[in-house]
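One file, entry_5.tsv, carrying TSV, C-alpha atoms:
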```
chain	number	residue	atom	x	y	z
A	1	MET	CA	221.60	-23.69	104.89
A	2	LYS	CA	221.45	-22.52	108.51
A	3	LEU	CA	218.99	-25.30	109.34
A	4	LEU	CA	221.19	-27.90	107.63
A	5	HIS	CA	224.26	-26.63	109.49
A	6	GLY	CA	222.38	-26.84	112.80
A	7	LEU	CA	221.28	-30.37	111.98
A	8	GLN	CA	224.82	-31.48	111.14
A	9	GLU	CA	226.15	-29.90	114.32
A	10	GLY	CA	223.41	-31.54	116.38
A	11	ILE	CA	224.14	-34.96	114.91
A	12	SER	CA	227.88	-34.59	115.54
A	13	ILE	CA	227.39	-33.60	119.18
A	14	GLY	CA	224.77	-36.33	119.58
A	15	LEU	CA	227.13	-39.04	118.30
A	16	VAL	CA	229.80	-37.91	120.74
A	17	SER	CA	227.26	-38.09	123.57
A	18	LEU	CA	226.17	-41.60	122.53
A	19	LYS	CA	229.79	-42.81	122.46
A	20	THR	CA	230.37	-41.35	125.91
A	21	ASN	CA	227.41	-43.29	127.36
A	22	LYS	CA	227.52	-46.52	125.35
A	23	LEU	CA	225.68	-48.83	127.77
A	24	ARG	CA	222.59	-46.75	128.45
A	25	SER	CA	222.46	-45.61	124.83
A	26	SER	CA	222.58	-49.23	123.67
A	27	LEU	CA	219.73	-50.21	125.98
A	28	THR	CA	217.56	-47.37	124.70
A	29	ILE	CA	218.37	-48.25	121.09
A	30	LEU	CA	217.48	-51.88	121.84
A	31	GLY	CA	214.03	-50.92	123.18
A	32	VAL	CA	213.23	-48.86	120.09
A	33	SER	CA	214.64	-51.49	117.72
A	34	ILE	CA	212.36	-54.19	119.18
A	35	GLY	CA	209.27	-52.04	118.64
A	36	VAL	CA	210.27	-51.12	115.09
A	37	GLY	CA	211.35	-54.68	114.28
A	38	VAL	CA	207.95	-56.03	115.31
A	39	ILE	CA	206.20	-53.44	113.11
A	40	VAL	CA	208.35	-54.44	110.14
A	41	ILE	CA	207.77	-58.18	110.67
A	42	ILE	CA	204.01	-57.75	111.03
A	43	ALA	CA	203.89	-55.67	107.84
A	44	ALA	CA	205.96	-58.29	105.99
A	45	LEU	CA	203.70	-61.13	107.17
A	46	VAL	CA	200.50	-59.26	106.33
A	47	THR	CA	201.83	-58.40	102.87
A	48	GLY	CA	202.89	-62.01	102.28
A	49	ILE	CA	199.59	-63.50	103.44
A	50	ARG	CA	197.61	-61.05	101.34
A	51	SER	CA	199.67	-61.84	98.24
A	52	SER	CA	199.00	-65.55	98.82
A	53	ILE	CA	195.28	-64.84	99.08
A	54	ILE	CA	195.30	-62.81	95.86
A	55	GLU	CA	197.25	-65.57	94.13
A	56	ALA	CA	194.66	-68.13	95.25
A	57	PHE	CA	191.83	-65.93	93.99
A	58	GLU	CA	193.54	-65.47	90.63
A	59	ALA	CA	194.04	-69.24	90.35
A	60	ALA	CA	190.36	-69.78	91.08
A	61	GLY	CA	189.46	-67.18	88.47
A	62	PRO	CA	188.99	-63.47	89.20
A	63	ASN	CA	185.82	-63.46	87.07
A	64	ASN	CA	184.18	-66.28	89.02
A	65	PHE	CA	181.54	-65.83	91.69
A	66	ILE	CA	179.66	-67.92	94.27
A	67	VAL	CA	175.98	-68.58	94.88
A	68	MET	CA	175.37	-69.13	98.60
A	69	ARG	CA	172.54	-69.50	101.03
A	70	PHE	CA	173.59	-66.29	102.78
A	71	ASP	CA	176.10	-63.47	102.41
A	72	PHE	CA	178.79	-64.30	104.95
A	73	THR	CA	180.63	-61.05	104.15
A	74	SER	CA	177.91	-59.14	106.00
A	75	VAL	CA	177.35	-61.53	108.92
A	76	GLN	CA	177.32	-59.81	112.30
A	77	ILE	CA	177.61	-61.40	115.72
A	78	GLY	CA	174.69	-60.47	117.91
A	79	GLY	CA	173.37	-61.42	121.31
A	80	GLY	CA	170.24	-63.34	122.23
A	81	ASN	CA	168.69	-66.45	120.73
A	82	GLN	CA	167.18	-64.74	117.71
A	83	ARG	CA	167.89	-66.56	114.46
A	84	PRO	CA	169.56	-64.62	111.62
A	85	ALA	CA	167.43	-63.32	108.75
A	86	TRP	CA	168.86	-65.86	106.30
A	87	TRP	CA	167.96	-68.85	108.50
A	88	ASN	CA	164.80	-69.62	106.55
A	89	ASN	CA	166.51	-69.37	103.15
A	90	PRO	CA	166.29	-72.70	101.28
A	91	ARG	CA	169.48	-74.72	100.97
A	92	ILE	CA	171.39	-74.59	97.71
A	93	GLN	CA	170.61	-77.80	95.83
A	94	PRO	CA	172.55	-79.78	93.16
A	95	GLU	CA	169.66	-79.39	90.71
A	96	GLU	CA	170.14	-75.63	90.83
A	97	ALA	CA	173.79	-76.00	89.83
A	98	GLU	CA	172.73	-78.19	86.90
A	99	ARG	CA	170.27	-75.52	85.75
A	100	LEU	CA	172.90	-72.77	86.00
A	101	THR	CA	175.37	-74.80	83.92
A	102	LYS	CA	172.93	-74.70	81.00
A	103	LEU	CA	172.83	-70.87	80.88
A	104	SER	CA	174.34	-69.21	77.81
A	105	ASN	CA	176.77	-67.01	79.81
A	106	ILE	CA	178.01	-69.80	82.08
A	107	ASP	CA	180.81	-72.26	81.41
A	108	GLU	CA	180.53	-74.25	84.66
A	109	ALA	CA	178.50	-74.25	87.85
A	110	LEU	CA	180.19	-76.48	90.43
A	111	TYR	CA	178.21	-77.64	93.46
A	112	ASN	CA	180.14	-78.15	96.70
A	113	PHE	CA	179.87	-78.15	100.50
A	114	ASP	CA	182.15	-78.80	103.44
A	115	PHE	CA	181.72	-81.16	106.37
A	116	VAL	CA	183.81	-83.33	108.69
A	117	THR	CA	184.53	-87.07	108.61
A	118	ASN	CA	186.36	-89.63	110.69
A	119	MET	CA	188.59	-91.96	108.65
A	120	ALA	CA	189.69	-95.47	109.59
A	121	VAL	CA	192.07	-97.94	107.96
A	122	ASP	CA	192.50	-101.15	109.95
A	123	ALA	CA	193.32	-99.97	113.49
A	124	GLN	CA	194.38	-96.48	112.35
A	125	LEU	CA	191.76	-93.77	113.05
A	126	ILE	CA	191.97	-90.07	112.18
A	127	SER	CA	189.16	-87.89	113.43
A	128	ASN	CA	187.70	-84.60	112.22
A	129	VAL	CA	189.15	-84.57	108.73
A	130	PRO	CA	187.97	-81.50	106.72
A	131	THR	CA	186.04	-83.02	103.82
A	132	THR	CA	184.45	-81.50	100.73
A	133	GLY	CA	181.62	-82.91	98.67
A	134	ALA	CA	182.35	-81.50	95.22
A	135	ALA	CA	181.63	-81.65	91.52
A	136	SER	CA	184.24	-83.26	89.28
A	137	GLY	CA	185.73	-79.94	88.15
A	138	TRP	CA	186.84	-78.86	91.64
A	139	ASN	CA	190.57	-79.39	90.98
A	140	ARG	CA	190.69	-76.82	88.16
A	141	TYR	CA	190.12	-74.04	90.68
A	142	ASN	CA	192.43	-75.22	93.45
A	143	GLN	CA	196.18	-74.76	93.49
A	144	GLY	CA	197.94	-78.10	93.53
A	145	GLU	CA	198.31	-81.35	91.61
A	146	PHE	CA	197.63	-85.06	91.73
A	147	THR	CA	200.70	-86.95	92.92
A	148	SER	CA	199.00	-90.28	92.36
A	149	GLY	CA	195.79	-91.53	90.79
A	150	ARG	CA	193.11	-89.34	89.22
A	151	ASN	CA	190.03	-87.22	89.80
A	152	PHE	CA	186.51	-88.67	89.81
A	153	THR	CA	184.52	-88.16	86.61
A	154	PRO	CA	181.13	-86.43	86.06
A	155	GLU	CA	179.59	-89.85	85.39
A	156	GLU	CA	180.89	-91.17	88.71
A	157	VAL	CA	179.34	-88.15	90.40
A	158	ARG	CA	175.99	-88.89	88.76
A	159	GLN	CA	176.21	-92.52	89.92
A	160	SER	CA	177.17	-91.53	93.50
A	161	LYS	CA	180.22	-93.81	93.42
A	162	PRO	CA	181.96	-94.33	96.81
A	163	LEU	CA	185.21	-92.68	95.74
A	164	VAL	CA	187.50	-90.37	97.67
A	165	ILE	CA	190.56	-88.21	96.98
A	166	ILE	CA	192.86	-87.59	99.94
A	167	SER	CA	195.72	-85.21	100.63
A	168	ALA	CA	199.30	-86.45	100.43
A	169	ILE	CA	199.84	-85.98	104.18
A	170	LEU	CA	196.64	-87.86	105.00
A	171	GLY	CA	197.71	-90.68	102.69
A	172	GLU	CA	201.03	-91.03	104.51
A	173	GLU	CA	199.32	-91.11	107.89
A	174	LEU	CA	196.78	-93.75	106.83
A	175	PHE	CA	198.89	-95.96	104.58
A	176	GLY	CA	202.51	-95.14	105.33
A	177	ALA	CA	204.80	-95.82	102.37
A	178	ARG	CA	202.10	-97.76	100.47
A	179	ASP	CA	200.32	-96.20	97.51
A	180	PRO	CA	196.80	-95.27	98.73
A	181	VAL	CA	195.21	-95.53	95.26
A	182	GLY	CA	192.84	-98.48	95.07
A	183	ARG	CA	192.69	-98.98	98.83
A	184	LYS	CA	189.60	-98.54	100.95
A	185	ILE	CA	188.92	-96.13	103.82
A	186	LYS	CA	185.97	-96.30	106.18
A	187	LEU	CA	184.37	-92.87	106.33
A	188	THR	CA	182.06	-91.83	109.16
A	189	THR	CA	180.04	-88.62	109.36
A	190	PRO	CA	179.68	-87.60	113.03
A	191	ALA	CA	177.01	-85.01	112.14
A	192	SER	CA	174.78	-87.75	110.69
A	193	ARG	CA	174.72	-90.03	113.74
A	194	GLY	CA	177.73	-92.04	112.71
A	195	VAL	CA	176.77	-93.16	109.20
A	196	THR	CA	179.72	-95.26	107.95
A	197	GLU	CA	180.68	-96.61	104.54
A	198	ALA	CA	183.87	-97.78	102.80
A	199	PHE	CA	185.20	-95.47	100.07
A	200	THR	CA	187.89	-96.33	97.52
A	201	VAL	CA	190.82	-93.95	97.13
A	202	VAL	CA	191.15	-92.89	93.47
A	203	GLY	CA	193.62	-90.04	93.85
A	204	VAL	CA	196.16	-88.34	96.09
A	205	TYR	CA	196.28	-84.55	95.88
A	206	LYS	CA	199.03	-82.21	97.04
A	207	GLY	CA	198.20	-78.55	97.55
A	208	ALA	CA	200.49	-75.84	96.25
A	209	ASP	CA	203.18	-74.52	98.60
A	210	ASN	CA	201.34	-71.62	100.16
A	211	VAL	CA	199.92	-70.52	103.51
A	212	PHE	CA	196.63	-72.35	102.87
A	213	ALA	CA	198.29	-75.70	102.17
A	214	GLU	CA	200.30	-75.40	105.38
A	215	ALA	CA	197.19	-74.51	107.40
A	216	VAL	CA	195.17	-77.51	106.17
A	217	THR	CA	197.38	-80.54	105.44
A	218	ARG	CA	194.69	-83.17	106.04
A	219	PHE	CA	191.71	-83.03	103.73
A	220	ALA	CA	189.53	-85.24	101.54
A	221	VAL	CA	187.33	-84.63	98.50
A	222	LEU	CA	184.54	-86.91	97.32
A	223	PRO	CA	181.61	-86.62	94.91
A	224	TYR	CA	178.92	-84.42	96.47
A	225	SER	CA	176.29	-86.98	95.47
A	226	SER	CA	178.14	-89.74	97.35
A	227	ALA	CA	178.49	-87.52	100.41
A	228	MET	CA	174.75	-86.82	100.46
A	229	LYS	CA	173.47	-90.27	99.53
A	230	ARG	CA	175.93	-92.60	101.24
A	231	LEU	CA	177.13	-90.55	104.25
A	232	LYS	CA	174.04	-88.37	104.75
A	233	ALA	CA	176.40	-85.40	104.98
A	234	PRO	CA	174.71	-82.08	105.80
A	235	ASN	CA	174.61	-79.63	102.89
A	236	SER	CA	173.15	-76.71	104.85
A	237	GLN	CA	176.00	-74.43	103.79
A	238	ALA	CA	176.37	-75.69	100.23
A	239	SER	CA	177.40	-73.25	97.50
A	240	ILE	CA	177.86	-73.11	93.74
A	241	LEU	CA	181.09	-71.88	92.15
A	242	VAL	CA	179.99	-70.21	88.92
A	243	VAL	CA	182.51	-69.87	86.08
A	244	PRO	CA	181.39	-67.50	83.28
A	245	HIS	CA	182.60	-67.89	79.71
A	246	ASP	CA	185.80	-65.95	79.02
A	247	SER	CA	184.05	-63.49	76.72
A	248	ILE	CA	181.33	-62.64	79.26
A	249	PHE	CA	181.51	-59.78	81.77
A	250	GLN	CA	181.05	-60.87	85.35
A	251	ALA	CA	178.14	-58.45	85.90
A	252	ASP	CA	176.24	-59.90	82.93
A	253	ALA	CA	176.81	-63.45	84.15
A	254	MET	CA	175.70	-62.54	87.67
A	255	ASP	CA	172.51	-60.92	86.37
A	256	GLN	CA	171.67	-64.03	84.37
A	257	VAL	CA	172.35	-66.32	87.34
A	258	ILE	CA	170.22	-64.20	89.68
A	259	GLY	CA	167.37	-64.25	87.18
A	260	GLU	CA	167.58	-68.03	86.78
A	261	MET	CA	167.76	-68.63	90.54
A	262	ARG	CA	164.65	-66.49	91.07
A	263	LEU	CA	162.93	-68.44	88.31
A	264	ILE	CA	163.92	-71.79	89.85
A	265	ARG	CA	162.62	-70.70	93.25
A	266	ARG	CA	159.50	-69.08	91.79
A	267	LEU	CA	160.06	-65.75	93.47
A	268	ARG	CA	157.63	-62.97	92.66
A	269	PRO	CA	158.91	-59.51	91.62
A	270	ASN	CA	158.06	-58.07	95.05
A	271	GLN	CA	159.92	-60.84	96.93
A	272	ASN	CA	163.54	-60.52	98.01
A	273	ASP	CA	166.19	-63.01	96.92
A	274	ASP	CA	166.44	-65.99	99.26
A	275	PHE	CA	170.04	-66.62	98.15
A	276	ASN	CA	173.16	-64.50	97.70
A	277	VAL	CA	175.62	-64.03	94.86
A	278	ILE	CA	179.11	-63.02	96.00
A	279	SER	CA	181.91	-61.97	93.65
A	280	SER	CA	185.62	-62.61	94.15
A	281	ALA	CA	186.15	-58.88	94.64
A	282	GLU	CA	183.71	-58.88	97.58
A	283	LEU	CA	185.48	-61.84	99.14
A	284	LEU	CA	188.83	-60.11	98.78
A	285	GLU	CA	187.42	-56.91	100.27
A	286	THR	CA	186.18	-58.84	103.31
A	287	LEU	CA	189.56	-60.49	103.76
A	288	ASP	CA	191.25	-57.09	103.47
A	289	LYS	CA	189.08	-55.77	106.29
A	290	PHE	CA	189.95	-58.73	108.47
A	291	ILE	CA	193.66	-58.40	107.74
A	292	GLY	CA	193.46	-54.65	108.38
A	293	VAL	CA	191.92	-55.17	111.83
A	294	PHE	CA	194.51	-57.84	112.63
A	295	PHE	CA	197.32	-55.49	111.58
A	296	LEU	CA	196.00	-52.62	113.70
A	297	VAL	CA	195.75	-54.86	116.77
A	298	MET	CA	199.27	-56.18	116.30
A	299	LEU	CA	200.53	-52.65	115.62
A	300	ALA	CA	199.04	-51.47	118.91
A	301	LEU	CA	200.74	-54.33	120.74
A	302	SER	CA	204.08	-53.65	119.07
A	303	SER	CA	203.88	-49.97	120.02
A	304	VAL	CA	204.61	-51.10	123.59
A	305	GLY	CA	208.21	-51.60	122.46
A	306	LEU	CA	208.35	-48.03	121.19
A	307	LEU	CA	206.81	-46.82	124.46
A	308	VAL	CA	209.54	-48.59	126.41
A	309	GLY	CA	212.13	-47.04	124.13
A	310	GLY	CA	210.52	-43.62	124.58
A	311	ILE	CA	210.70	-43.92	128.36
A	312	GLY	CA	214.35	-44.82	127.94
A	313	VAL	CA	214.85	-41.69	125.83
A	314	ILE	CA	213.42	-39.49	128.61
A	315	GLY	CA	215.71	-41.13	131.15
A	316	ILE	CA	218.90	-40.93	129.15
A	317	MET	CA	218.24	-37.37	127.96
A	318	MET	CA	217.44	-36.14	131.50
A	319	ILE	CA	220.72	-37.62	132.70
A	320	SER	CA	222.50	-36.10	129.71
A	321	VAL	CA	221.05	-32.65	130.48
A	322	THR	CA	222.16	-32.93	134.12
A	323	GLU	CA	225.67	-34.06	133.21
A	324	ARG	CA	226.07	-31.29	130.61
A	325	THR	CA	224.71	-28.45	132.72
A	326	ARG	CA	228.01	-26.53	132.66
A	327	GLU	CA	228.27	-27.05	128.90
A	328	ILE	CA	224.79	-25.56	128.49
A	329	GLY	CA	225.77	-22.61	130.69
A	330	ILE	CA	228.91	-21.95	128.65
A	331	ARG	CA	226.99	-22.13	125.35
A	332	LYS	CA	224.38	-19.69	126.66
A	333	ALA	CA	227.11	-17.35	127.97
A	334	LEU	CA	228.67	-17.36	124.50
A	335	GLY	CA	225.36	-16.29	122.93
A	336	ALA	CA	223.47	-19.53	122.23
A	337	ARG	CA	219.72	-18.88	122.18
A	338	ARG	CA	217.05	-20.96	123.87
A	339	LYS	CA	215.75	-22.43	120.61
A	340	GLU	CA	219.28	-23.52	119.62
A	341	ILE	CA	219.68	-25.45	122.88
A	342	LEU	CA	216.19	-26.92	122.42
A	343	TRP	CA	217.04	-27.94	118.84
A	344	GLN	CA	220.31	-29.53	119.94
A	345	PHE	CA	218.72	-31.90	122.45
A	346	LEU	CA	215.76	-32.75	120.18
A	347	VAL	CA	218.22	-33.75	117.44
A	348	GLU	CA	220.12	-35.92	119.91
A	349	SER	CA	216.98	-37.74	121.09
A	350	ALA	CA	215.73	-38.18	117.51
A	351	LEU	CA	219.15	-39.53	116.51
A	352	LEU	CA	218.98	-42.03	119.36
A	353	THR	CA	215.61	-43.42	118.26
A	354	PHE	CA	216.56	-43.24	114.56
A	355	LEU	CA	219.48	-45.56	115.23
A	356	GLY	CA	217.15	-47.87	117.13
A	357	GLY	CA	214.64	-47.76	114.25
A	358	SER	CA	217.32	-48.51	111.68
A	359	THR	CA	218.60	-51.44	113.73
A	360	GLY	CA	215.08	-52.82	114.14
A	361	MET	CA	214.35	-52.40	110.44
A	362	ILE	CA	217.51	-54.29	109.44
A	363	GLY	CA	216.75	-57.07	111.92
A	364	GLY	CA	213.14	-57.25	110.75
A	365	GLY	CA	214.27	-57.36	107.13
A	366	ILE	CA	216.60	-60.29	107.80
A	367	LEU	CA	213.87	-62.18	109.67
A	368	ALA	CA	211.38	-61.49	106.86
A	369	LYS	CA	213.79	-63.00	104.33
A	370	LEU	CA	214.23	-66.08	106.51
A	371	ILE	CA	210.43	-66.48	106.77
A	372	ALA	CA	210.09	-66.18	102.98
A	373	ALA	CA	212.88	-68.73	102.45
A	374	TYR	CA	211.80	-71.36	104.97
A	375	SER	CA	208.00	-71.03	105.09
A	376	PRO	CA	205.15	-70.88	102.54
A	377	ILE	CA	204.48	-67.21	103.42
A	378	PRO	CA	206.10	-64.91	100.81
A	379	ALA	CA	206.92	-62.28	103.43
A	380	SER	CA	208.15	-59.00	101.95
A	381	ILE	CA	208.58	-55.55	103.45
A	382	PRO	CA	206.53	-52.87	101.65
A	383	PHE	CA	207.91	-49.34	101.29
A	384	TRP	CA	205.17	-47.91	103.51
A	385	ALA	CA	206.33	-50.13	106.36
A	386	ILE	CA	209.88	-48.77	106.09
A	387	ALA	CA	208.62	-45.19	106.04
A	388	THR	CA	206.22	-45.84	108.93
A	389	ALA	CA	208.86	-47.57	111.06
A	390	LEU	CA	211.47	-44.84	110.66
A	391	SER	CA	208.90	-42.05	111.09
A	392	SER	CA	207.57	-43.68	114.25
A	393	ALA	CA	211.09	-44.00	115.64
A	394	ILE	CA	212.00	-40.37	114.95
A	395	LEU	CA	208.64	-39.14	116.25
A	396	THR	CA	209.19	-41.14	119.44
A	397	GLY	CA	212.54	-39.41	119.92
A	398	VAL	CA	211.09	-35.95	119.37
A	399	VAL	CA	208.02	-36.47	121.60
A	400	PHE	CA	209.82	-38.16	124.48
A	401	GLY	CA	212.88	-35.94	124.15
A	402	LEU	CA	210.85	-32.73	124.34
A	403	VAL	CA	210.72	-32.52	128.16
A	404	PRO	CA	214.52	-32.87	128.65
A	405	ALA	CA	215.13	-30.45	125.76
A	406	LEU	CA	212.80	-27.85	127.27
A	407	ARG	CA	214.54	-28.24	130.63
A	408	ALA	CA	217.91	-27.66	129.00
A	409	SER	CA	216.73	-24.63	127.01
A	410	ARG	CA	215.23	-22.92	130.10
A	411	MET	CA	218.36	-23.16	132.27
A	412	ASP	CA	219.69	-19.93	133.71
A	413	PRO	CA	223.26	-19.52	132.39
A	414	VAL	CA	224.61	-18.14	135.72
A	415	THR	CA	223.15	-21.06	137.70
A	416	ALA	CA	224.39	-23.53	135.08
A	417	LEU	CA	227.97	-22.18	135.23
A	418	ARG	CA	228.00	-22.63	139.03
A	419	PHE	CA	226.89	-26.30	138.73
A	420	GLU	CA	229.43	-28.81	140.02
```

Can you dump the structure from the file as structure tokens?
Amino acid sequence: MKLLHGLQEGISIGLVSLKTNKLRSSLTILGVSIGVGVIVIIAALVTGIRSSIIEAFEAAGPNNFIVMRFDFTSVQIGGGNQRPAWWNNPRIQPEEAERLTKLSNIDEALYNFDFVTNMAVDAQLISNVPTTGAASGWNRYNQGEFTSGRNFTPEEVRQSKPLVIISAILGEELFGARDPVGRKIKLTTPASRGVTEAFTVVGVYKGADNVFAEAVTRFAVLPYSSAMKRLKAPNSQASILVVPHDSIFQADAMDQVIGEMRLIRRLRPNQNDDFNVISSAELLETLDKFIGVFFLVMLALSSVGLLVGGIGVIGIMMISVTERTREIGIRKALGARRKEILWQFLVESALLTFLGGSTGMIGGGILAKLIAAYSPIPASIPFWAIATALSSAILTGVVFGLVPALRASRMDPVTALRFE
């Protein structure tokens, strides 16, 4: 009860002091609120982006996994001209995907790879369009829908038909208000010394409203066989999306796929795998690490705002101690102990930064709602961000208010009473 009474008294005196010095108190509160607001916004954005990533993984199938030439989740950047260990691994081939599809535990094994094309319609040219050579089932594991036309069929993939599916934005840029379906686009692969061929548009695809669709608005998808045969597109980083049957555990499906891949590549028992199998959980873990590093960097940058606010706290509290020297002397003469004076000024400084933290949190919350309403990022403020923001604000007040509070508590009452 005594502690609660002291806290209430400290808050009351602190509020009176803030009202007396409105301008400098407001500036200090503003500095703290900017730092806290940035923390809240960053947390909301990180939470929203992560939820979008998880949603995309769930749409693609949480039980699915990928067969790749190398494990990109463990790639490290090193110096020198030495090639990575996976460099000599054979490329993933379409025939391997066909073999995996026939396994008892596997529903589908979809071959795909990414490359870049230049697209031309009449005099209109769009360069460096992200393009995917894919199997016909690609659309079942991508969020979005066909706004016009259709997907290419497995038979068309087998026949290497010159067909292409383009994004809605790309269709508008190439054809304007005209329906792109049935029209031809000249595709050129810069990586293959400018191999060019005309492809017929069979579908227009619009990605779901999420952060990924906003990041890549121009894209094209064509049969992987057409990309390899007609455009000589490089498949050095090709992969296979493996979809197990619903009743099969992912681990069992992965074991069967690894065994079949070793059999296809005639690997002996004492030889290491020259391919990698990566689960959705591993991909999500890698993305979590990346997001975590990004958040820590942004958090460090945003702490500059709190530092500025903390310096403001020292300034305003030192001035406050000087202006209230006689008050401190009177309180000590009436029996106030050193720790009570120390407590009083610590409460005042913590109150100052708490108000700044609350203001920043409210501002950050409003901005997060606006981002969620007017952008594809479902920004939301997690509880830990609220707790962290307020704790950081109060801690800033206590740490930076300690020096003025100690100065006030150590004043000699006789000297303080003589102060003019």

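Nearest residue to Phe345 (chain A), choosing from A:Ala333, A:Ile377, A:Met298, A:Leu406 and counting only C-alpha atoms: A:Leu406.
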
Pick out the closest residue to Lys161 (chain A) from this set: A:Gly182, A:Pro223, A:Gly149, A:Gly315. Count all atoms listed in the file.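 So, comparing all the options, the nearest one is A:Pro223.
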
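Checking A:Leu307, A:Thr117, A:Asn270, A:Glu323 one by one against Val399 (chain A), counting all atoms listed in the file, you find the shortest gap at A:Leu307.
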
Who sits within 12 Å of Phe113 (chain A), all atoms listed in the file, same chain under 6 positions skipped, as a short mmCIF file (atom, residue, chain, number, x, y, z; two decimals) with C-alpha atoms, in the coordinates of the input:
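As written to disk, part-v3.cif reads:
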```
data_model
loop_
_atom_site.label_atom_id
_atom_site.label_comp_id
_atom_site.auth_asym_id
_atom_site.auth_seq_id
_atom_site.Cartn_x
_atom_site.Cartn_y
_atom_site.Cartn_z
CA ILE A 66 179.66 -67.92 94.27
CA VAL A 67 175.98 -68.58 94.88
CA MET A 68 175.37 -69.13 98.60
CA ARG A 69 172.54 -69.50 101.03
CA ARG A 91 169.48 -74.72 100.97
CA ILE A 92 171.39 -74.59 97.71
CA GLN A 93 170.61 -77.80 95.83
CA PRO A 94 172.55 -79.78 93.16
CA PRO A 130 187.97 -81.50 106.72
CA THR A 131 186.04 -83.02 103.82
CA THR A 132 184.45 -81.50 100.73
CA GLY A 133 181.62 -82.91 98.67
CA ALA A 134 182.35 -81.50 95.22
CA ALA A 135 181.63 -81.65 91.52
CA TRP A 138 186.84 -78.86 91.64
CA VAL A 221 187.33 -84.63 98.50
CA LEU A 222 184.54 -86.91 97.32
CA PRO A 223 181.61 -86.62 94.91
CA TYR A 224 178.92 -84.42 96.47
CA SER A 225 176.29 -86.98 95.47
CA ALA A 227 178.49 -87.52 100.41
CA MET A 228 174.75 -86.82 100.46
CA ALA A 233 176.40 -85.40 104.98
CA PRO A 234 174.71 -82.08 105.80
CA ASN A 235 174.61 -79.63 102.89
CA SER A 236 173.15 -76.71 104.85
CA GLN A 237 176.00 -74.43 103.79
CA ALA A 238 176.37 -75.69 100.23
CA SER A 239 177.40 -73.25 97.50
CA ILE A 240 177.86 -73.11 93.74
CA LEU A 241 181.09 -71.88 92.15
#
```

What does the distance from CA of Ala379 (chain A) to CA of Ala44 (chain A) come to in Å, to one decimal? 4.8 Å

Using all atoms listed in the file, which protein or nucleic acid residues come within 7 Å of Phe354 (chain A)? Drop anything in the same chain fewer than 5 positions from it, and give the result as a list in words.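 In the requested form, the answer reads Leu390, Ala393 and Ile394 of chain A.
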
Could you work out how far CA of Ala123 (chain A) lies from CA of Glu172 (chain A), giving the answer in Å with one decimal?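 Interatomic distance, CA of Glu172 (chain A) to CA of Ala123 (chain A): 14.8 Å.
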
Which of these, A:Ala177, A:Val243, A:Ile41, A:Ile106, has the shortest distance to Ala389 (chain A) once you count all atoms listed in the file?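 Of the candidates, the smallest distance to Ala389 (chain A) is held by A:Ile41.
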